[in-house]
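Chemist: Take this structure first; my questions come after.
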Amino acid sequence: MTTQSITILGATGSIGTSTLDVLGRHPERFRIHALSGHRRIELLAEQCVAFRPARAVVPDAPAAIRLRQLVGDLALDISHGRAALCEIAREAEVVMAGIVGAAGLESALAAACAGRKVLLANKEALVMGGALFMDAVVHHGATLLPIDSEHNAIFQCLPRGRDTSDPRDGIARIILTASGGPFRTTPLEDLRNVTPDQACAHPNWVMGRKISVDSATMMNKGLEVIEARWLFDQPAGNIDVLIHPQSVIHSLVAYVDGSVIAELGNPDMRTPIAHALAYPERITTGVAPLDLARIASLHFEEPDFERFPCLKLAYAALAAGAAAPAVLNAANEIAVEAFLAGSIGFLDIARVVEATLESYSPSAPEDLAALIEIDTRAREFAARAMEKVA
Ligand code: NAD
Ligand code: MG
């Protein structure tokens, strides 16, 4: 077996640590080229000592000094800043794009432009710049494998992975499952006062705080509908959302003959991560086997758009096209950050996103610089919208 080099962007996050857990079980398959971390420098130092990457990237010079102090004379090239993140994304054969939010776009795109095997967890990159990103993948011959559990499931349920272009495949619909998050059954009048910790207490998955809040508002599912549109080149009208609180079925594909193919498993991100790492082979993960007899029954329901206005806003942004999904994403990041900081309420998140979409509708970006400009301006509009709701 040939050993492949891998970079993990966002090694200290939930996706990053799960990726290292799987890699640690298969040391013969991968050589870790580089790890990046943003705030948890102590954890990054521990990871560098345990996994011996050639390079580590941190946000700034003080963090680089701190990391050097922590690792002592370990052989490790430490650099900092956005350009260094793009370098480590270009240098390895396989890249896990595990940074959260718009901050992960540039490095994920750098990996695609270098024709790498890109394992994409950072859904925001596709939401912001779907057309740009997919063009880069095709143009530079990159291999794009979805890590988001729903999209990884769909990839596994399609006969030719992401490629849905052959009408003989008979694909009718893509069905994304959603747990409904922690507030699926909370009385609507109580939602106004829920706290960040309540919003982050996801019933099935342990994740970073931003995606946990997105799951509670169901903006996460909205972002995933947009992500699916680009990954599988399917129109929004063919992409459904189905509430399935147990998160055992990770998503489904319905075919014209009435067949429906689903991927099932315990909710543990090590499964999609391992699938993409080893694809087209299969490797072990430490994930407990699925015990359907114990689960006994699976539950489903329609999504409630009144309870989850963010889901509706995401479908609307996708229908509006141009740069609306990038504006939606930027406004959501600003609003979620403010909610986590305690400066706006839970229900204000959707209000801020809606007001931002109403006040700013730029045309589609032609390149990365234009996209970053739109993201920056959308954040300014969102900050203004926030003053009004707060
Ligand atoms: P997290 O908050 O746990 O980790 C985020 C990582 O990004 C950390 O390593 C952090 O150091 C890094 N980071 C944060 N801000 C940065 C910045 N400005 N510049 C550079 N690096 C920065 O988040 P997560 O839950 O691991 O999610 C990561 C991505 O994966 C998100 O896009 C999320 O939507 C997606 N995703 C996560 C899960 C999950 O189970 N956690 C599932 C599906 C998709
Ligand atoms: Mg998901």
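Every chain in the structure tokens takes a letter, A first, then B, and so on in the order presented; its residues are numbered from 1, and the ligands are numbered from 1 following the presented order.
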What residues in region 66-240 of chain A get the DSSP label strand (DSSP E or B)? Please answer as a list in words.

Modeler: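 Result set for region 66-240 of chain A (strand (DSSP E or B)): Asp77, Ile78, Ser79, His80, Val94, Val95, Met96, Ala97, Lys117, Val118, Leu119, Leu120, Thr143, Leu144, Leu145, Pro146, Ile171, Ala172, Arg173, Ile174, Ile175, Leu176, Thr177, Ala178, Ile239 and Asp240 of chain A.
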
Chemist: Which residues come within 9 Å of Ile88 (chain A), counting only C-alpha atoms, excluding same-chain residues fewer than 6 positions away, as a ChimeraX atom specification?

Modeler: /A:7-9,33-36,55-57,95,107,111

Chemist: Could you list, as a ChimeraX atom specification, all residues that come within 7 Å of ligand 1? Count only C-alpha atoms and all ligand atoms.

Modeler: /A:9-16,36-40,59,98-101,103-104,121-124,147-149,205-211,269

Chemist: Any chance you could tabulate, as CSV, the residues of chain A at most 12 Å from ligand 2 with each one's nearest atom pair and distance in Å to one decimal, using only C-alpha atoms and all ligand atoms, in chain and rising number order?

Modeler:
```
residue,atom,partner,partner_atom_place_in_ligand_line,distance
A:Ile15,CA,ligand 2,1 (Mg),11.6
A:Leu120,CA,ligand 2,1 (Mg),11.5
A:Ala121,CA,ligand 2,1 (Mg),8.8
A:Asn122,CA,ligand 2,1 (Mg),10.4
A:Lys123,CA,ligand 2,1 (Mg),8.8
A:Glu124,CA,ligand 2,1 (Mg),11.7
A:Pro146,CA,ligand 2,1 (Mg),10.0
A:Ile147,CA,ligand 2,1 (Mg),8.3
A:Asp148,CA,ligand 2,1 (Mg),4.5
A:Ser149,CA,ligand 2,1 (Mg),5.0
A:Glu150,CA,ligand 2,1 (Mg),5.3
A:His151,CA,ligand 2,1 (Mg),7.4
A:Asn152,CA,ligand 2,1 (Mg),9.0
A:Ala153,CA,ligand 2,1 (Mg),9.9
A:Ile154,CA,ligand 2,1 (Mg),11.4
A:Leu176,CA,ligand 2,1 (Mg),8.8
A:Thr177,CA,ligand 2,1 (Mg),8.7
A:Ala178,CA,ligand 2,1 (Mg),7.9
A:Ser179,CA,ligand 2,1 (Mg),9.7
A:Gly180,CA,ligand 2,1 (Mg),11.6
A:Gly181,CA,ligand 2,1 (Mg),11.5
A:Asn204,CA,ligand 2,1 (Mg),11.6
A:Trp205,CA,ligand 2,1 (Mg),9.7
A:Val206,CA,ligand 2,1 (Mg),11.7
A:Met207,CA,ligand 2,1 (Mg),10.3
A:Ile211,CA,ligand 2,1 (Mg),8.9
A:Ser212,CA,ligand 2,1 (Mg),10.4
A:Asp214,CA,ligand 2,1 (Mg),10.2
A:Ser215,CA,ligand 2,1 (Mg),8.7
A:Met218,CA,ligand 2,1 (Mg),10.5
A:Met219,CA,ligand 2,1 (Mg),10.8
A:Asn220,CA,ligand 2,1 (Mg),7.1
A:Lys221,CA,ligand 2,1 (Mg),7.1
A:Gly222,CA,ligand 2,1 (Mg),10.2
A:Leu223,CA,ligand 2,1 (Mg),9.1
A:Glu224,CA,ligand 2,1 (Mg),6.7
A:Val225,CA,ligand 2,1 (Mg),10.0
A:Ile226,CA,ligand 2,1 (Mg),11.9
A:Glu227,CA,ligand 2,1 (Mg),10.0
A:Ala228,CA,ligand 2,1 (Mg),10.6
A:Val241,CA,ligand 2,1 (Mg),11.8
A:Ser247,CA,ligand 2,1 (Mg),10.0
A:Ile249,CA,ligand 2,1 (Mg),11.8
A:His250,CA,ligand 2,1 (Mg),8.4
A:Ser251,CA,ligand 2,1 (Mg),9.6
A:Pro267,CA,ligand 2,1 (Mg),10.3
A:Asp268,CA,ligand 2,1 (Mg),11.1
A:Met269,CA,ligand 2,1 (Mg),9.4
A:Pro272,CA,ligand 2,1 (Mg),10.4
```

Chemist: With a distance cut-off of 12 Å and only C-alpha atoms, select the neighbouring residues of Val138 (chain A), excluding the residue or stretch itself and same-chain residues fewer than 6 positions from it, and output the selection as an mmCIF file with C-alpha atoms, in the first residue's frame.

Modeler:
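What follows is the written file result-v2.cif:
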```
data_model
loop_
_atom_site.group_PDB
_atom_site.id
_atom_site.type_symbol
_atom_site.label_atom_id
_atom_site.label_comp_id
_atom_site.auth_asym_id
_atom_site.auth_seq_id
_atom_site.Cartn_x
_atom_site.Cartn_y
_atom_site.Cartn_z
ATOM 1 C CA ALA A 112 -9.148 22.268 -5.222
ATOM 2 C CA CYS A 113 -7.050 24.518 -7.496
ATOM 3 C CA ALA A 114 -4.000 22.331 -6.798
ATOM 4 C CA GLY A 115 -5.997 19.288 -7.999
ATOM 5 C CA ARG A 116 -5.916 17.577 -4.608
ATOM 6 C CA ALA A 131 -20.137 27.759 -8.953
ATOM 7 C CA LEU A 132 -16.564 29.008 -8.408
ATOM 8 C CA LEU A 144 -14.121 16.160 -4.165
ATOM 9 C CA ASP A 163 -22.053 12.332 -10.852
ATOM 10 C CA LEU A 231 -22.193 18.654 -5.033
#
```

Chemist: Hey, what's within 12 Å of Glu337 (chain A) if we count only C-alpha atoms and toss same-chain stuff fewer than 3 positions away? As a PDB file with all heavy atoms, in the first residue's frame, please?

Modeler:
```pdb
ATOM      1  N   GLY A 101     -16.878  27.832   8.759  1.00  0.00           N
ATOM      2  CA  GLY A 101     -17.290  29.135   8.247  1.00  0.00           C
ATOM      3  C   GLY A 101     -16.509  29.620   7.045  1.00  0.00           C
ATOM      4  O   GLY A 101     -15.682  28.905   6.458  1.00  0.00           O
ATOM      5  N   PRO A 196     -27.540  29.959  24.589  1.00  0.00           N
ATOM      6  CA  PRO A 196     -26.549  29.316  23.713  1.00  0.00           C
ATOM      7  C   PRO A 196     -26.259  27.869  24.142  1.00  0.00           C
ATOM      8  O   PRO A 196     -26.153  26.985  23.291  1.00  0.00           O
ATOM      9  CB  PRO A 196     -25.324  30.202  23.857  1.00  0.00           C
ATOM     10  CG  PRO A 196     -25.879  31.559  24.149  1.00  0.00           C
ATOM     11  CD  PRO A 196     -27.095  31.318  24.995  1.00  0.00           C
ATOM     12  N   ARG A 209     -19.569  24.741  18.102  1.00  0.00           N
ATOM     13  CA  ARG A 209     -20.718  25.540  18.551  1.00  0.00           C
ATOM     14  C   ARG A 209     -21.468  26.202  17.404  1.00  0.00           C
ATOM     15  O   ARG A 209     -22.680  26.324  17.434  1.00  0.00           O
ATOM     16  CB  ARG A 209     -20.261  26.581  19.588  1.00  0.00           C
ATOM     17  CG  ARG A 209     -20.017  25.909  20.945  1.00  0.00           C
ATOM     18  CD  ARG A 209     -19.406  26.841  21.951  1.00  0.00           C
ATOM     19  NE  ARG A 209     -20.319  27.747  22.622  1.00  0.00           N
ATOM     20  CZ  ARG A 209     -21.148  27.411  23.619  1.00  0.00           C
ATOM     21  NH1 ARG A 209     -21.204  26.180  24.035  1.00  0.00           N
ATOM     22  NH2 ARG A 209     -21.908  28.322  24.190  1.00  0.00           N
ATOM     23  N   LYS A 210     -20.745  26.618  16.362  1.00  0.00           N
ATOM     24  CA  LYS A 210     -21.440  27.302  15.256  1.00  0.00           C
ATOM     25  C   LYS A 210     -22.413  26.352  14.566  1.00  0.00           C
ATOM     26  O   LYS A 210     -23.597  26.673  14.383  1.00  0.00           O
ATOM     27  CB  LYS A 210     -20.401  27.866  14.272  1.00  0.00           C
ATOM     28  CG  LYS A 210     -20.982  28.826  13.231  1.00  0.00           C
ATOM     29  CD  LYS A 210     -21.278  28.148  11.916  1.00  0.00           C
ATOM     30  CE  LYS A 210     -21.888  29.097  10.904  1.00  0.00           C
ATOM     31  NZ  LYS A 210     -22.202  28.408   9.645  1.00  0.00           N
ATOM     32  N   ILE A 211     -21.941  25.163  14.180  1.00  0.00           N
ATOM     33  CA  ILE A 211     -22.839  24.218  13.493  1.00  0.00           C
ATOM     34  C   ILE A 211     -23.913  23.720  14.443  1.00  0.00           C
ATOM     35  O   ILE A 211     -25.025  23.409  14.012  1.00  0.00           O
ATOM     36  CB  ILE A 211     -22.059  23.054  12.826  1.00  0.00           C
ATOM     37  CG1 ILE A 211     -23.024  22.142  12.043  1.00  0.00           C
ATOM     38  CG2 ILE A 211     -21.257  22.247  13.796  1.00  0.00           C
ATOM     39  CD1 ILE A 211     -22.363  21.009  11.290  1.00  0.00           C
ATOM     40  N   SER A 212     -23.642  23.693  15.733  1.00  0.00           N
ATOM     41  CA  SER A 212     -24.682  23.262  16.682  1.00  0.00           C
ATOM     42  C   SER A 212     -25.834  24.271  16.699  1.00  0.00           C
ATOM     43  O   SER A 212     -27.007  23.879  16.701  1.00  0.00           O
ATOM     44  CB  SER A 212     -24.100  23.094  18.085  1.00  0.00           C
ATOM     45  OG  SER A 212     -23.142  22.051  18.068  1.00  0.00           O
ATOM     46  N   VAL A 213     -25.508  25.566  16.707  1.00  0.00           N
ATOM     47  CA  VAL A 213     -26.574  26.579  16.645  1.00  0.00           C
ATOM     48  C   VAL A 213     -27.292  26.479  15.299  1.00  0.00           C
ATOM     49  O   VAL A 213     -28.523  26.547  15.226  1.00  0.00           O
ATOM     50  CB  VAL A 213     -26.011  28.006  16.872  1.00  0.00           C
ATOM     51  CG1 VAL A 213     -27.112  29.042  16.701  1.00  0.00           C
ATOM     52  CG2 VAL A 213     -25.384  28.123  18.244  1.00  0.00           C
ATOM     53  N   ASP A 214     -26.530  26.283  14.231  1.00  0.00           N
ATOM     54  CA  ASP A 214     -27.151  26.118  12.905  1.00  0.00           C
ATOM     55  C   ASP A 214     -28.118  24.932  12.901  1.00  0.00           C
ATOM     56  O   ASP A 214     -29.135  24.959  12.204  1.00  0.00           O
ATOM     57  CB  ASP A 214     -26.088  25.878  11.831  1.00  0.00           C
ATOM     58  CG  ASP A 214     -25.312  27.137  11.453  1.00  0.00           C
ATOM     59  OD1 ASP A 214     -25.731  28.232  11.865  1.00  0.00           O
ATOM     60  OD2 ASP A 214     -24.294  27.011  10.740  1.00  0.00           O
ATOM     61  N   ALA A 330     -23.040  34.783   5.216  1.00  0.00           N
ATOM     62  CA  ALA A 330     -22.332  35.809   5.991  1.00  0.00           C
ATOM     63  C   ALA A 330     -23.229  36.335   7.110  1.00  0.00           C
ATOM     64  O   ALA A 330     -22.796  36.463   8.264  1.00  0.00           O
ATOM     65  CB  ALA A 330     -21.900  36.950   5.067  1.00  0.00           C
ATOM     66  N   ALA A 331     -24.491  36.629   6.773  1.00  0.00           N
ATOM     67  CA  ALA A 331     -25.422  37.163   7.778  1.00  0.00           C
ATOM     68  C   ALA A 331     -25.621  36.137   8.888  1.00  0.00           C
ATOM     69  O   ALA A 331     -25.664  36.487  10.078  1.00  0.00           O
ATOM     70  CB  ALA A 331     -26.757  37.512   7.125  1.00  0.00           C
ATOM     71  N   ASN A 332     -25.719  34.883   8.506  1.00  0.00           N
ATOM     72  CA  ASN A 332     -25.911  33.831   9.512  1.00  0.00           C
ATOM     73  C   ASN A 332     -24.696  33.740  10.443  1.00  0.00           C
ATOM     74  O   ASN A 332     -24.848  33.606  11.659  1.00  0.00           O
ATOM     75  CB  ASN A 332     -26.172  32.495   8.809  1.00  0.00           C
ATOM     76  CG  ASN A 332     -26.409  31.377   9.807  1.00  0.00           C
ATOM     77  OD1 ASN A 332     -27.309  31.445  10.643  1.00  0.00           O
ATOM     78  ND2 ASN A 332     -25.572  30.360   9.745  1.00  0.00           N
ATOM     79  N   GLU A 333     -23.490  33.821   9.870  1.00  0.00           N
ATOM     80  CA  GLU A 333     -22.290  33.738  10.725  1.00  0.00           C
ATOM     81  C   GLU A 333     -22.265  34.874  11.738  1.00  0.00           C
ATOM     82  O   GLU A 333     -21.952  34.671  12.925  1.00  0.00           O
ATOM     83  CB  GLU A 333     -21.018  33.741   9.868  1.00  0.00           C
ATOM     84  CG  GLU A 333     -20.812  32.405   9.173  1.00  0.00           C
ATOM     85  CD  GLU A 333     -19.439  32.242   8.523  1.00  0.00           C
ATOM     86  OE1 GLU A 333     -18.469  32.881   8.972  1.00  0.00           O
ATOM     87  OE2 GLU A 333     -19.350  31.462   7.556  1.00  0.00           O
ATOM     88  N   ILE A 334     -22.611  36.090  11.276  1.00  0.00           N
ATOM     89  CA  ILE A 334     -22.616  37.251  12.174  1.00  0.00           C
ATOM     90  C   ILE A 334     -23.682  37.069  13.267  1.00  0.00           C
ATOM     91  O   ILE A 334     -23.445  37.322  14.448  1.00  0.00           O
ATOM     92  CB  ILE A 334     -22.916  38.540  11.353  1.00  0.00           C
ATOM     93  CG1 ILE A 334     -21.714  38.870  10.457  1.00  0.00           C
ATOM     94  CG2 ILE A 334     -23.253  39.718  12.248  1.00  0.00           C
ATOM     95  CD1 ILE A 334     -20.486  39.330  11.199  1.00  0.00           C
ATOM     96  N   LEU A 340     -24.267  33.566  20.229  1.00  0.00           N
ATOM     97  CA  LEU A 340     -23.364  32.842  21.149  1.00  0.00           C
ATOM     98  C   LEU A 340     -22.753  33.793  22.173  1.00  0.00           C
ATOM     99  O   LEU A 340     -22.460  33.399  23.302  1.00  0.00           O
ATOM    100  CB  LEU A 340     -22.261  32.121  20.356  1.00  0.00           C
ATOM    101  CG  LEU A 340     -22.695  30.836  19.638  1.00  0.00           C
ATOM    102  CD1 LEU A 340     -21.581  30.316  18.726  1.00  0.00           C
ATOM    103  CD2 LEU A 340     -23.095  29.751  20.646  1.00  0.00           C
ATOM    104  N   ALA A 341     -22.566  35.061  21.769  1.00  0.00           N
ATOM    105  CA  ALA A 341     -21.991  36.053  22.692  1.00  0.00           C
ATOM    106  C   ALA A 341     -23.060  36.644  23.617  1.00  0.00           C
ATOM    107  O   ALA A 341     -22.747  37.463  24.475  1.00  0.00           O
ATOM    108  CB  ALA A 341     -21.321  37.167  21.887  1.00  0.00           C
ATOM    109  N   GLY A 342     -24.320  36.262  23.399  1.00  0.00           N
ATOM    110  CA  GLY A 342     -25.390  36.743  24.283  1.00  0.00           C
ATOM    111  C   GLY A 342     -25.944  38.098  23.883  1.00  0.00           C
ATOM    112  O   GLY A 342     -26.721  38.686  24.627  1.00  0.00           O
ATOM    113  N   SER A 343     -25.569  38.621  22.689  1.00  0.00           N
ATOM    114  CA  SER A 343     -26.076  39.961  22.362  1.00  0.00           C
ATOM    115  C   SER A 343     -27.369  39.978  21.552  1.00  0.00           C
ATOM    116  O   SER A 343     -27.994  41.037  21.449  1.00  0.00           O
ATOM    117  CB  SER A 343     -24.992  40.829  21.708  1.00  0.00           C
ATOM    118  OG  SER A 343     -24.169  40.088  20.895  1.00  0.00           O
ATOM    119  N   ILE A 344     -27.780  38.865  20.971  1.00  0.00           N
ATOM    120  CA  ILE A 344     -29.127  38.808  20.379  1.00  0.00           C
ATOM    121  C   ILE A 344     -29.802  37.506  20.820  1.00  0.00           C
ATOM    122  O   ILE A 344     -29.128  36.576  21.276  1.00  0.00           O
ATOM    123  CB  ILE A 344     -29.130  38.900  18.822  1.00  0.00           C
ATOM    124  CG1 ILE A 344     -28.405  37.708  18.179  1.00  0.00           C
ATOM    125  CG2 ILE A 344     -28.542  40.221  18.342  1.00  0.00           C
ATOM    126  CD1 ILE A 344     -28.573  37.625  16.665  1.00  0.00           C
ATOM    127  N   GLY A 345     -31.111  37.457  20.637  1.00  0.00           N
ATOM    128  CA  GLY A 345     -31.863  36.258  21.022  1.00  0.00           C
ATOM    129  C   GLY A 345     -31.861  35.218  19.918  1.00  0.00           C
ATOM    130  O   GLY A 345     -31.485  35.504  18.772  1.00  0.00           O
ATOM    131  N   PHE A 346     -32.316  34.030  20.244  1.00  0.00           N
ATOM    132  CA  PHE A 346     -32.329  32.912  19.294  1.00  0.00           C
ATOM    133  C   PHE A 346     -33.167  33.240  18.061  1.00  0.00           C
ATOM    134  O   PHE A 346     -32.741  33.003  16.923  1.00  0.00           O
ATOM    135  CB  PHE A 346     -32.868  31.670  20.003  1.00  0.00           C
ATOM    136  CG  PHE A 346     -32.882  30.443  19.146  1.00  0.00           C
ATOM    137  CD1 PHE A 346     -31.698  29.790  18.821  1.00  0.00           C
ATOM    138  CD2 PHE A 346     -34.078  29.955  18.639  1.00  0.00           C
ATOM    139  CE1 PHE A 346     -31.723  28.646  18.020  1.00  0.00           C
ATOM    140  CE2 PHE A 346     -34.104  28.809  17.845  1.00  0.00           C
ATOM    141  CZ  PHE A 346     -32.918  28.162  17.536  1.00  0.00           C
ATOM    142  N   ASP A 348     -33.831  36.059  16.846  1.00  0.00           N
ATOM    143  CA  ASP A 348     -33.279  37.177  16.068  1.00  0.00           C
ATOM    144  C   ASP A 348     -32.365  36.687  14.942  1.00  0.00           C
ATOM    145  O   ASP A 348     -32.112  37.421  13.986  1.00  0.00           O
ATOM    146  CB  ASP A 348     -32.472  38.120  16.981  1.00  0.00           C
ATOM    147  CG  ASP A 348     -33.365  38.805  18.010  1.00  0.00           C
ATOM    148  OD1 ASP A 348     -34.555  39.011  17.690  1.00  0.00           O
ATOM    149  OD2 ASP A 348     -32.880  39.106  19.111  1.00  0.00           O
ATOM    150  N   ILE A 349     -31.854  35.464  15.066  1.00  0.00           N
ATOM    151  CA  ILE A 349     -30.927  34.964  14.035  1.00  0.00           C
ATOM    152  C   ILE A 349     -31.611  35.013  12.668  1.00  0.00           C
ATOM    153  O   ILE A 349     -31.083  35.595  11.711  1.00  0.00           O
ATOM    154  CB  ILE A 349     -30.437  33.535  14.366  1.00  0.00           C
ATOM    155  CG1 ILE A 349     -29.638  33.537  15.677  1.00  0.00           C
ATOM    156  CG2 ILE A 349     -29.578  32.989  13.221  1.00  0.00           C
ATOM    157  CD1 ILE A 349     -29.253  32.147  16.193  1.00  0.00           C
ATOM    158  N   VAL A 352     -32.219  38.643  11.442  1.00  0.00           N
ATOM    159  CA  VAL A 352     -31.026  39.313  10.923  1.00  0.00           C
ATOM    160  C   VAL A 352     -30.717  38.807   9.503  1.00  0.00           C
ATOM    161  O   VAL A 352     -30.410  39.591   8.599  1.00  0.00           O
ATOM    162  CB  VAL A 352     -29.813  39.068  11.861  1.00  0.00           C
ATOM    163  CG1 VAL A 352     -28.505  39.516  11.213  1.00  0.00           C
ATOM    164  CG2 VAL A 352     -30.015  39.783  13.187  1.00  0.00           C
ATOM    165  N   ARG A 379     -21.494  41.207   5.782  1.00  0.00           N
ATOM    166  CA  ARG A 379     -21.306  41.270   7.236  1.00  0.00           C
ATOM    167  C   ARG A 379     -21.612  42.674   7.758  1.00  0.00           C
ATOM    168  O   ARG A 379     -22.158  42.836   8.862  1.00  0.00           O
ATOM    169  CB  ARG A 379     -19.877  40.850   7.605  1.00  0.00           C
ATOM    170  CG  ARG A 379     -19.704  39.347   7.530  1.00  0.00           C
ATOM    171  CD  ARG A 379     -18.257  38.888   7.480  1.00  0.00           C
ATOM    172  NE  ARG A 379     -18.238  37.531   6.980  1.00  0.00           N
ATOM    173  CZ  ARG A 379     -18.241  36.435   7.758  1.00  0.00           C
ATOM    174  NH1 ARG A 379     -18.172  36.554   9.066  1.00  0.00           N
ATOM    175  NH2 ARG A 379     -18.289  35.241   7.227  1.00  0.00           N
ATOM    176  N   ALA A 382     -25.304  42.969   7.795  1.00  0.00           N
ATOM    177  CA  ALA A 382     -25.853  42.162   8.889  1.00  0.00           C
ATOM    178  C   ALA A 382     -25.660  42.877  10.227  1.00  0.00           C
ATOM    179  O   ALA A 382     -26.546  42.854  11.094  1.00  0.00           O
ATOM    180  CB  ALA A 382     -25.194  40.786   8.920  1.00  0.00           C
ATOM    181  N   ALA A 383     -24.513  43.537  10.396  1.00  0.00           N
ATOM    182  CA  ALA A 383     -24.253  44.260  11.652  1.00  0.00           C
ATOM    183  C   ALA A 383     -25.293  45.363  11.826  1.00  0.00           C
ATOM    184  O   ALA A 383     -25.797  45.593  12.923  1.00  0.00           O
ATOM    185  CB  ALA A 383     -22.839  44.827  11.643  1.00  0.00           C
ATOM    186  N   MET A 386     -28.590  43.947  12.759  1.00  0.00           N
ATOM    187  CA  MET A 386     -28.562  43.490  14.139  1.00  0.00           C
ATOM    188  C   MET A 386     -28.870  44.626  15.109  1.00  0.00           C
ATOM    189  O   MET A 386     -29.539  44.427  16.124  1.00  0.00           O
ATOM    190  CB  MET A 386     -27.197  42.904  14.447  1.00  0.00           C
ATOM    191  CG  MET A 386     -27.296  41.723  15.338  1.00  0.00           C
ATOM    192  SD  MET A 386     -25.980  40.581  15.002  1.00  0.00           S
ATOM    193  CE  MET A 386     -24.573  41.635  15.086  1.00  0.00           C
TER     194      MET A 386
END
```

Chemist: Write out as a count of residues only all residues of region 167-380 of chain A that backbone DSSP assigns to alpha helix (DSSP H).

Modeler: 94

Chemist: Name the residues in contact with Gly81 (chain A) at a cut-off of 9 Å, using only C-alpha atoms, excluding same-chain residues fewer than 2 positions from it; report them as a list in words.

Modeler: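 Residues near the query, excluding close chain neighbours: Val57, Val58, Pro59, Asp60, Ala61, Ser79, Ala83, Ala84 and Leu85 of chain A.
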
Chemist: Just write the chosen residues, all heavy atoms, as a CSV table (one decimal), in the first residue's frame.

Modeler:
```
chain,number,residue,atom,x,y,z
A,57,VAL,N,0.3,25.2,11.2
A,57,VAL,CA,-0.1,26.6,10.9
A,57,VAL,C,-1.1,27.1,11.9
A,57,VAL,O,-2.1,26.5,12.3
A,57,VAL,CB,-0.7,26.7,9.5
A,57,VAL,CG1,-1.2,28.2,9.2
A,57,VAL,CG2,0.4,26.3,8.4
A,58,VAL,N,-0.7,28.3,12.4
A,58,VAL,CA,-1.6,29.0,13.5
A,58,VAL,C,-1.9,30.4,13.0
A,58,VAL,O,-1.4,30.8,11.9
A,58,VAL,CB,-0.8,29.1,14.8
A,58,VAL,CG1,-0.6,27.7,15.4
A,58,VAL,CG2,0.6,29.7,14.6
A,59,PRO,N,-2.8,31.1,13.7
A,59,PRO,CA,-3.3,32.4,13.1
A,59,PRO,C,-2.3,33.5,13.0
A,59,PRO,O,-2.2,34.3,12.1
A,59,PRO,CB,-4.5,32.8,13.9
A,59,PRO,CG,-4.4,32.0,15.2
A,59,PRO,CD,-3.7,30.7,14.8
A,60,ASP,N,-1.4,33.6,14.0
A,60,ASP,CA,-0.5,34.8,14.1
A,60,ASP,C,0.8,34.5,14.8
A,60,ASP,O,1.0,33.4,15.3
A,60,ASP,CB,-1.3,36.0,14.8
A,60,ASP,CG,-1.9,35.5,16.1
A,60,ASP,OD1,-1.4,34.6,16.7
A,60,ASP,OD2,-3.0,36.1,16.5
A,61,ALA,N,1.7,35.5,14.8
A,61,ALA,CA,3.0,35.3,15.4
A,61,ALA,C,3.0,34.9,16.9
A,61,ALA,O,3.7,34.0,17.3
A,61,ALA,CB,3.9,36.6,15.2
A,79,SER,N,4.3,27.9,10.9
A,79,SER,CA,4.1,29.2,10.2
A,79,SER,C,2.7,29.7,10.6
A,79,SER,O,1.9,29.0,11.2
A,79,SER,CB,4.3,29.1,8.7
A,79,SER,OG,3.9,27.9,8.3
A,83,ALA,N,-1.9,32.9,4.1
A,83,ALA,CA,-1.1,32.3,3.0
A,83,ALA,C,-0.5,31.0,3.3
A,83,ALA,O,-0.5,30.1,2.5
A,83,ALA,CB,0.0,33.3,2.6
A,84,ALA,N,-0.1,30.8,4.6
A,84,ALA,CA,0.4,29.5,5.0
A,84,ALA,C,-0.6,28.4,5.0
A,84,ALA,O,-0.3,27.3,4.7
A,84,ALA,CB,1.1,29.7,6.4
A,85,LEU,N,-1.8,28.8,5.4
A,85,LEU,CA,-2.9,27.8,5.3
A,85,LEU,C,-3.1,27.3,3.9
A,85,LEU,O,-3.3,26.1,3.6
A,85,LEU,CB,-4.3,28.5,5.8
A,85,LEU,CG,-4.6,28.5,7.2
A,85,LEU,CD1,-6.0,29.1,7.4
A,85,LEU,CD2,-4.6,27.1,7.8
```

Chemist: Would you mind telling me which residue in A:Arg229, A:Asp73, A:Arg294, A:Glu373 lies nearest to Ala319 (chain A) when using only C-alpha atoms?

Modeler: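 Comparing A:Arg229, A:Asp73, A:Arg294, A:Glu373 against Ala319 (chain A), the winner is A:Arg229.
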
Chemist: Select, from A:Gly286, A:Gly72, A:Gly129, A:Pro182, the residue with the minimum atom-to-atom distance to Ala324 (chain A), counting only C-alpha atoms.

Modeler: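 The shortest atom-to-atom distance to Ala324 (chain A) comes from A:Gly129.
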
Chemist: Please determine, counting only C-alpha atoms, which residue among A:Val118, A:Met1, A:Ala288, A:Ile41 has the shortest atom-to-atom distance to Ala276 (chain A).

Modeler: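 Using only C-alpha atoms, the shortest distance to Ala276 (chain A) belongs to A:Val118.
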
Chemist: Between CA of Leu313 (chain A) and CA of Ala355 (chain A), what is the spacing in Å?

Modeler: 10.6 Å

Chemist: One decimal, in Å: what's the spacing between CA of Thr356 (chain A) and CA of Glu306 (chain A)?

Modeler: 19.3 Å

Chemist: Using only C-alpha atoms, which of A:Val353, A:Leu126, A:Val327, A:Cys310 sits nearest Ala378 (chain A)?

Modeler: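 Checking each candidate against Ala378 (chain A), we get A:Val327 as the closest.
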
Chemist: Report as a tab-separated table: every residue of region 198-217 of chain A with an atom at most 12 Å from region 184-193 of chain A, its closest pair of atoms, and their distance in Å to one decimal, counting only C-alpha atoms, with rows sorted by chain and ascending residue number.

Modeler:
```
residue	atom	partner	partner_atom	distance
A:Gln198	CA	A:Asn193	CA	10.0
A:Ala199	CA	A:Leu191	CA	9.8
A:His202	CA	A:Arg184	CA	10.8
A:Pro203	CA	A:Arg184	CA	10.3
A:Ser215	CA	A:Arg184	CA	10.3
A:Ala216	CA	A:Arg184	CA	8.2
A:Thr217	CA	A:Arg184	CA	9.5
```

Chemist: Show which residues sit within 9 Å of Gly237 (chain A), as a ChimeraX atom specification. Count only C-alpha atoms, and ignore same-chain residues fewer than 3 positions away.

Modeler: /A:173,234,240
